[in-house]
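> If it helps, the file is called run38.cif and holds mmCIF, C-alpha atoms:
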data_entry
#
loop_
_atom_site.label_atom_id
_atom_site.label_comp_id
_atom_site.auth_asym_id
_atom_site.auth_seq_id
_atom_site.Cartn_x
_atom_site.Cartn_y
_atom_site.Cartn_z
CA ASN A 1 0.00 0.00 0.00
CA PHE A 2 1.19 3.51 -0.82
CA ASN A 3 2.11 5.74 2.09
CA PRO A 4 3.24 9.30 1.20
CA ASN A 5 5.51 9.31 4.26
CA ASP A 6 7.45 6.19 3.24
CA PRO A 7 10.86 6.68 1.62
CA ILE A 8 10.83 6.07 -2.14
CA HIS A 9 13.85 4.84 -4.06
CA LEU A 10 14.66 7.15 -6.98
CA ARG A 11 14.68 4.29 -9.52
CA SER A 12 11.17 3.33 -8.45
CA PHE A 13 9.66 6.75 -9.17
CA LEU A 14 8.15 7.54 -12.53
CA THR A 15 7.45 11.02 -13.83
CA VAL A 16 5.04 11.11 -16.73
CA VAL A 17 4.83 14.48 -18.48
CA GLY A 18 2.03 14.12 -21.00
CA THR A 19 0.68 17.05 -22.96
CA GLN A 20 -1.59 14.79 -24.99
CA PRO A 21 -5.12 14.45 -23.57
CA ASN A 22 -5.30 10.66 -23.85
CA THR A 23 -4.84 10.13 -20.09
CA THR A 24 -7.79 11.66 -18.25
CA VAL A 25 -9.06 11.92 -14.70
CA ARG A 26 -12.79 11.82 -13.92
CA VAL A 27 -13.98 13.12 -10.56
CA LYS A 28 -16.24 10.80 -8.59
CA THR A 29 -17.51 11.27 -5.03
CA ARG A 30 -14.31 12.08 -3.10
CA ALA A 31 -12.37 9.86 -5.50
CA LEU A 32 -10.65 10.12 -8.86
CA VAL A 33 -10.76 7.63 -11.73
CA VAL A 34 -7.76 7.51 -14.06
CA GLY A 35 -8.29 6.08 -17.53
CA GLY A 36 -7.54 6.40 -21.22
CA GLY A 37 -4.00 4.94 -21.32
CA PRO A 38 -1.46 4.20 -22.55
CA VAL A 39 0.73 7.03 -21.35
CA PRO A 40 2.34 8.53 -24.48
CA GLU A 41 5.97 8.07 -25.49
CA THR A 42 6.90 5.10 -23.27
CA PRO A 43 7.88 6.93 -20.07
CA SER A 44 11.14 6.38 -18.26
CA ASN A 45 11.00 3.59 -15.65
CA GLY A 46 7.59 2.66 -17.07
CA THR A 47 7.89 -1.09 -16.43
CA ILE A 48 9.70 -0.95 -13.05
CA ALA A 49 8.43 2.14 -11.21
CA THR A 50 6.20 1.76 -8.16
CA VAL A 51 4.77 5.31 -8.07
CA ALA A 52 3.87 7.75 -10.86
CA ALA A 53 3.60 11.52 -10.90
CA LEU A 54 0.94 11.60 -13.60
CA PHE A 55 0.40 14.77 -15.62
CA CYS A 56 -3.10 14.27 -16.99
CA THR A 57 -6.23 15.92 -18.33
CA ILE A 58 -9.03 16.86 -15.93
CA ASP A 59 -11.16 19.15 -18.11
CA PRO A 60 -10.70 18.44 -21.85
CA ASP A 61 -12.69 21.57 -22.76
CA HIS A 62 -9.87 23.77 -21.43
CA GLY A 63 -7.08 22.00 -23.34
CA PHE A 64 -3.62 22.36 -21.89
CA GLN A 65 -4.88 24.50 -19.00
CA GLY A 66 -7.40 21.85 -17.95
CA GLY A 67 -4.90 19.41 -16.47
CA GLY A 68 -3.56 18.29 -13.13
CA VAL A 69 -0.86 16.23 -11.47
CA ALA A 70 -1.78 13.11 -9.50
CA VAL A 71 0.35 10.73 -7.46
CA VAL A 72 -0.61 7.24 -8.62
CA PRO A 73 0.66 4.06 -6.91
CA LEU A 74 1.31 1.57 -9.70
CA ASP A 75 0.22 -1.52 -7.78
CA LEU A 76 -3.46 -0.52 -7.90
CA PRO A 77 -6.11 -2.52 -9.77
CA GLY A 78 -6.41 -1.32 -13.36
CA VAL A 79 -2.71 -0.52 -13.85
CA SER A 80 -0.87 -2.67 -16.39
CA ARG A 81 2.47 -2.44 -18.18
CA GLY A 82 3.89 -3.21 -21.57
CA LYS A 83 7.25 -4.78 -22.29
CA PRO A 84 10.48 -2.80 -21.80
CA LEU A 85 11.70 -1.27 -25.03
CA ASP A 86 14.70 -3.02 -26.56
CA LYS A 87 16.53 0.15 -27.61
CA ILE A 88 19.67 0.79 -29.63
CA GLY A 89 20.86 3.42 -27.15
CA GLN A 90 20.37 4.57 -23.56
CA ARG A 91 19.82 0.93 -22.73
CA ALA A 92 20.40 1.51 -19.01
CA LEU A 93 17.27 3.70 -18.96
CA ASN A 94 14.15 1.55 -18.64
CA GLN A 95 11.27 2.65 -20.84
CA GLY A 96 7.92 1.00 -21.46
CA GLU A 97 4.22 1.60 -21.82
CA ILE A 98 1.90 1.92 -18.85
CA PHE A 99 -1.88 1.60 -19.06
CA PHE A 100 -4.63 2.96 -16.80
CA ASP A 101 -8.03 1.27 -16.95
CA ASP A 102 -10.39 3.10 -14.54
CA VAL A 103 -7.81 3.24 -11.74
CA ARG A 104 -9.37 4.70 -8.58
CA ILE A 105 -7.29 6.95 -6.32
CA PRO A 106 -8.29 9.17 -3.38
CA GLU A 107 -9.03 12.79 -4.19
CA SER A 108 -6.13 13.82 -1.94
CA TYR A 109 -3.68 12.20 -4.40
CA MET A 110 -4.34 15.01 -6.87
CA VAL A 111 -1.46 17.24 -5.73
CA VAL A 112 -1.80 19.92 -8.44
CA GLY A 113 -5.17 21.09 -9.71
CA LYS A 114 -6.28 23.00 -12.81
CA GLU A 115 -5.51 26.39 -11.27
CA ALA A 116 -1.78 25.72 -10.88
CA TYR A 117 -1.28 23.13 -13.63
CA GLY A 118 0.00 25.49 -16.32
CA PHE A 119 2.52 27.07 -13.96
CA VAL A 120 3.77 23.70 -12.67
CA VAL A 121 4.22 22.29 -16.18
CA GLU A 122 6.20 25.39 -17.21
CA GLN A 123 8.50 25.00 -14.19
CA VAL A 124 8.99 21.27 -14.77
CA LEU A 125 9.78 21.82 -18.46
CA ALA A 126 12.17 24.65 -17.69
CA MET A 127 14.17 22.83 -15.03
CA ALA A 128 14.15 19.42 -16.75
CA ASN A 129 15.22 20.77 -20.13
CA ALA A 130 17.98 22.86 -18.59
CA ALA A 131 19.24 19.76 -16.78
CA MET A 132 19.23 17.75 -20.03
CA GLY A 133 21.24 20.50 -21.70
CA THR A 134 23.89 20.16 -19.01
CA ILE A 135 23.90 16.36 -19.30
CA PHE A 136 24.44 16.39 -23.05
CA VAL A 137 27.26 18.90 -22.75
CA GLY A 138 28.91 16.20 -20.66
CA VAL A 139 28.21 13.55 -23.30
CA GLY A 140 29.78 15.76 -25.97
CA ARG A 141 32.81 16.37 -23.79
CA ALA A 142 33.15 12.62 -23.17
CA ALA A 143 33.16 11.98 -26.93
CA LEU A 144 35.84 14.63 -27.41
CA GLU A 145 38.01 13.22 -24.63
CA HIS A 146 37.77 9.66 -25.98
CA ALA A 147 38.70 10.88 -29.47
CA LEU A 148 41.65 12.89 -28.15
CA ALA A 149 42.96 9.94 -26.12
CA TYR A 150 42.70 7.66 -29.15
CA ALA A 151 44.40 10.23 -31.40
CA GLN A 152 47.31 10.42 -28.97
CA GLU A 153 47.58 6.63 -28.86
CA ARG A 154 47.10 5.73 -32.52
CA VAL A 155 50.27 6.02 -34.66
CA GLN A 156 50.09 6.52 -38.41
CA GLY A 157 52.95 7.62 -40.65
CA GLY A 158 55.40 7.38 -37.78
CA VAL A 159 53.62 9.89 -35.51
CA PRO A 160 50.46 9.92 -33.34
CA ILE A 161 47.54 10.90 -35.54
CA HIS A 162 46.71 13.97 -33.40
CA ARG A 163 49.73 15.61 -35.05
CA HIS A 164 48.16 15.34 -38.50
CA GLN A 165 46.59 18.60 -39.63
CA SER A 166 43.20 17.10 -40.57
CA VAL A 167 42.85 15.40 -37.17
CA LYS A 168 43.92 18.59 -35.35
CA ALA A 169 41.24 20.53 -37.24
CA ARG A 170 38.56 17.97 -36.37
CA LEU A 171 39.51 17.94 -32.69
CA PHE A 172 39.60 21.73 -32.49
CA LYS A 173 36.16 22.02 -34.10
CA ALA A 174 34.78 19.56 -31.56
CA PHE A 175 36.40 21.52 -28.73
CA ALA A 176 34.81 24.76 -29.92
CA GLN A 177 31.39 23.11 -30.26
CA VAL A 178 31.51 21.65 -26.75
CA GLU A 179 32.54 24.98 -25.24
CA ALA A 180 29.73 26.80 -27.08
CA ALA A 181 27.18 24.31 -25.77
CA ARG A 182 28.68 24.55 -22.28
CA GLY A 183 28.36 28.34 -22.35
CA LEU A 184 24.65 28.24 -23.23
CA ALA A 185 23.85 25.45 -20.77
CA ARG A 186 25.68 27.25 -17.96
CA ARG A 187 23.99 30.57 -18.70
CA VAL A 188 20.54 29.00 -18.71
CA ALA A 189 21.19 26.99 -15.53
CA SER A 190 22.52 30.06 -13.72
CA TYR A 191 19.61 32.19 -14.88
CA ASN A 192 17.01 29.63 -13.81
CA ALA A 193 18.64 29.38 -10.38
CA THR A 194 18.35 33.11 -9.75
CA HIS A 195 15.23 34.15 -11.71
CA PRO A 196 11.85 32.73 -12.66
CA PRO A 197 12.86 30.03 -15.18
CA LEU A 198 12.26 30.69 -18.89
CA VAL A 199 11.20 27.53 -20.66
CA GLN A 200 12.23 28.81 -24.11
CA TYR A 201 15.87 29.12 -23.11
CA SER A 202 15.85 25.83 -21.26
CA ILE A 203 14.58 24.03 -24.35
CA ALA A 204 17.10 25.88 -26.50
CA SER A 205 19.85 24.64 -24.19
CA LYS A 206 18.71 21.02 -24.46
CA VAL A 207 18.21 21.10 -28.23
CA PHE A 208 21.51 22.85 -28.93
CA ALA A 209 23.52 20.69 -26.53
CA THR A 210 21.98 17.46 -27.85
CA GLN A 211 22.59 18.37 -31.48
CA THR A 212 26.11 19.55 -30.66
CA ALA A 213 26.97 16.36 -28.78
CA PHE A 214 25.70 14.29 -31.70
CA GLU A 215 27.86 16.24 -34.16
CA VAL A 216 30.89 15.98 -31.87
CA ALA A 217 30.42 12.23 -31.43
CA SER A 218 29.98 11.77 -35.20
CA GLY A 219 33.24 13.62 -35.82
CA ALA A 220 34.99 11.76 -33.02
CA LEU A 221 33.90 8.46 -34.52
CA GLN A 222 35.69 9.33 -37.77
CA ILE A 223 38.99 9.70 -35.90
CA TYR A 224 38.82 6.01 -35.02
CA GLY A 225 39.14 5.10 -38.70
CA GLY A 226 38.58 1.38 -39.26
CA ASN A 227 37.95 0.90 -35.54
CA LEU A 228 34.75 2.93 -35.71
CA LEU A 229 32.89 -0.32 -36.38
CA SER A 230 34.32 -2.00 -33.29
CA ARG A 231 32.53 -2.22 -29.96
CA GLU A 232 35.89 -2.29 -28.21
CA TYR A 233 35.81 1.47 -27.73
CA PRO A 234 33.15 3.39 -25.74
CA ILE A 235 32.62 5.96 -28.50
CA GLU A 236 30.15 3.66 -30.23
CA LYS A 237 27.99 3.56 -27.11
CA LEU A 238 27.97 7.34 -26.87
CA MET A 239 26.93 7.49 -30.50
CA ARG A 240 24.03 5.07 -29.93
CA ASP A 241 22.93 6.97 -26.82
CA LEU A 242 22.94 10.25 -28.73
CA GLN A 243 21.04 8.78 -31.65
CA GLN A 244 18.36 7.68 -29.18
CA ALA A 245 18.30 11.19 -27.72
CA ILE A 246 17.98 12.85 -31.11
CA ASP A 247 15.16 10.54 -32.18
CA ARG A 248 13.25 10.87 -28.92
CA TYR A 249 13.74 14.48 -27.85
CA MET A 250 13.69 16.15 -31.25
CA GLN A 251 10.43 14.44 -32.23
CA ALA A 252 8.85 15.38 -28.92
CA MET A 253 10.01 18.98 -29.30
CA ALA A 254 8.61 19.29 -32.81
CA GLU A 255 5.23 18.02 -31.63
CA GLU A 256 5.28 20.42 -28.67
CA MET A 257 6.08 23.39 -30.92
CA MET A 258 3.13 22.51 -33.16
CA ARG A 259 0.75 22.26 -30.21
CA ASN A 260 1.97 25.33 -28.30
CA PRO A 261 3.80 27.70 -30.69
CA GLU A 262 3.35 30.67 -28.34
CA ARG A 263 5.59 28.99 -25.77
CA PHE A 264 8.56 29.27 -28.12
CA GLN A 265 8.37 32.99 -28.81
CA PRO A 266 11.66 34.78 -28.00
CA GLN A 267 11.71 36.57 -24.66
CA GLU A 268 14.50 38.81 -23.46
CA MET A 269 16.44 37.93 -20.35
CA PRO A 270 16.61 41.01 -18.08
CA PRO A 271 19.69 43.09 -18.99
CA ASN A 272 20.90 43.06 -15.37
CA ALA A 273 20.86 39.26 -15.18
CA GLN A 274 24.35 38.28 -14.08
CA VAL A 275 24.84 34.73 -15.37
#
Output the file's structure in the form of structure tokens.

Amino acid sequence: NFNPNDPIHLRSFLTVVGTQPNTTVRVKTRALVVGGGPVPETPSNGTIATVAALFCTIDPDHGFQGGGVAVVPLDLPGVSRGKPLDKIGQRALNQGEIFFDDVRIPESYMVVGKEAYGFVVEQVLAMANAAMGTIFVGVGRAALEHALAYAQERVQGGVPIHRHQSVKARLFKAFAQVEAARGLARRVASYNATHPPLVQYSIASKVFATQTAFEVASGALQIYGGNLLSREYPIEKLMRDLQQAIDRYMQAMAEEMMRNPERFQPQEMPPNAQV
């Protein structure tokens, strides 16, 4: 049985951010009924989580503003799961479908109602996207460091290949790209920590850092020459993880921009923002 006061292991907690109205909550007498699954886009920890923070639709007539956030124990009657996805990348991250078939929860489990839903979603999107930007800066840096180490180790023409002009140029380009992504991610993270977060800039950080890391990893892979097809080196894993990120996050972002174009309008950071 779910007890809000019990400690919850991080790996057992599922956050479902769904802007599609296919998961709805109907209000019954002092109870809520969750239905309309599956949750879109195979959420993280979907097949192993024990508790969900479910972003769902309460009033379909009000669209995005008619939602709420409910805490849903996933051992209740009516909850079922699909199989874990067998992915090419980010294989350590469990993902799988979760279905709600008239799942009844107490009214008190609805922790965010319609009045605050829009604000909460904006804050979650801003902080989560900024965090992903920082993470993918790290992935890009890891790809650069692996490529540099290999270039210092691999000898061709009597010298390590990092001394060849073409390899130097490729490494320098990757260095510049990583530092540009780091600068944006750091600025956004610092701004969000000291001001009301701006979701546009947070998303820009994630998109730019993800695309940059993918380009850096693609270039780094070329430095490995014939070994780029080998699983002996970790660069191939980074490449698969980034391909998964591009496929998942870029598709989700395009759909979000089509649904809520006003959210992506440019907005000036205050000129006195020291970040």
> Name all residues at most 10 Å from Glu215 of chain A (count all atoms listed in the file; drop same-chain ones fewer than 2 positions away) and give them as a PyMOL selection string.
chain A and resi 140+143+174+177-178+209-213+217-221+239+242
> Where does the PyMOL selection byres ((chain A and resi 187) around 12) land in this file, that is, which residues does it pick, as a list in words?
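When the PyMOL selection byres ((chain A and resi 187) around 12) is applied to the shown file, the picked residues are Ala130, Ala131, Gly133, Thr134, Ala180, Ala181, Arg182, Gly183, Leu184, Ala185, Arg186, Val188, Ala189, Ser190, Tyr191, Asn192, Ala193, Thr194, His195, Pro197, Leu198, Tyr201, Ser202, Ala204, Ser205, Met269, Ala273, Gln274 and Val275 of chain A.
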> Between atom CA of Ser108 of chain A and atom CA of Gln65 of chain A, what is the distance in Å, rounded to a tenth?
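The value is 20.2 Å.
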> As a check of understanding, name the residues that the PyMOL selection byres ((chain A and resi 76) around 9) selects in the supplied structure, as a PDB file with C-alpha atoms, keeping the file's coordinate frame.

ATOM      1  CA  ASN A   1       0.000   0.000   0.000  1.00  0.00           C
ATOM      2  CA  VAL A  72      -0.610   7.240  -8.620  1.00  0.00           C
ATOM      3  CA  PRO A  73       0.660   4.060  -6.910  1.00  0.00           C
ATOM      4  CA  LEU A  74       1.310   1.570  -9.700  1.00  0.00           C
ATOM      5  CA  ASP A  75       0.220  -1.520  -7.780  1.00  0.00           C
ATOM      6  CA  PRO A  77      -6.110  -2.520  -9.770  1.00  0.00           C
ATOM      7  CA  GLY A  78      -6.410  -1.320 -13.360  1.00  0.00           C
ATOM      8  CA  VAL A  79      -2.710  -0.520 -13.850  1.00  0.00           C
ATOM      9  CA  VAL A 103      -7.810   3.240 -11.740  1.00  0.00           C
ATOM     10  CA  ARG A 104      -9.370   4.700  -8.580  1.00  0.00           C
ATOM     11  CA  ILE A 105      -7.290   6.950  -6.320  1.00  0.00           C
TER      12      ILE A 105
END
> Between atom CA of Phe214 of chain A and atom CA of Leu93 of chain A, what is the spacing in Å?
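According to the coordinates, atom CA of Leu93 of chain A and atom CA of Phe214 of chain A are separated by 18.6 Å.
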> Got a sec: who's within 8 Å of Gly68 of chain A, counting all atoms listed in the file, leaving out chain neighbours fewer than 6 positions off, as a list in words?
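Neighbouring residues, sequence-local ones excluded: Phe55, Cys56, Thr57, Ile58, Met110, Val111, Val112, Gly113, Lys114, Ala116 and Tyr117 of chain A.
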> Can you list, as a PyMOL selection string, every protein, DNA or RNA residue that comes within 9 Å of Leu171 of chain A when you count all atoms listed in the file, leaving out same-chain residues fewer than 2 positions away?
chain A and resi 144+147-148+162+166-169+173-176+216+219-220+223
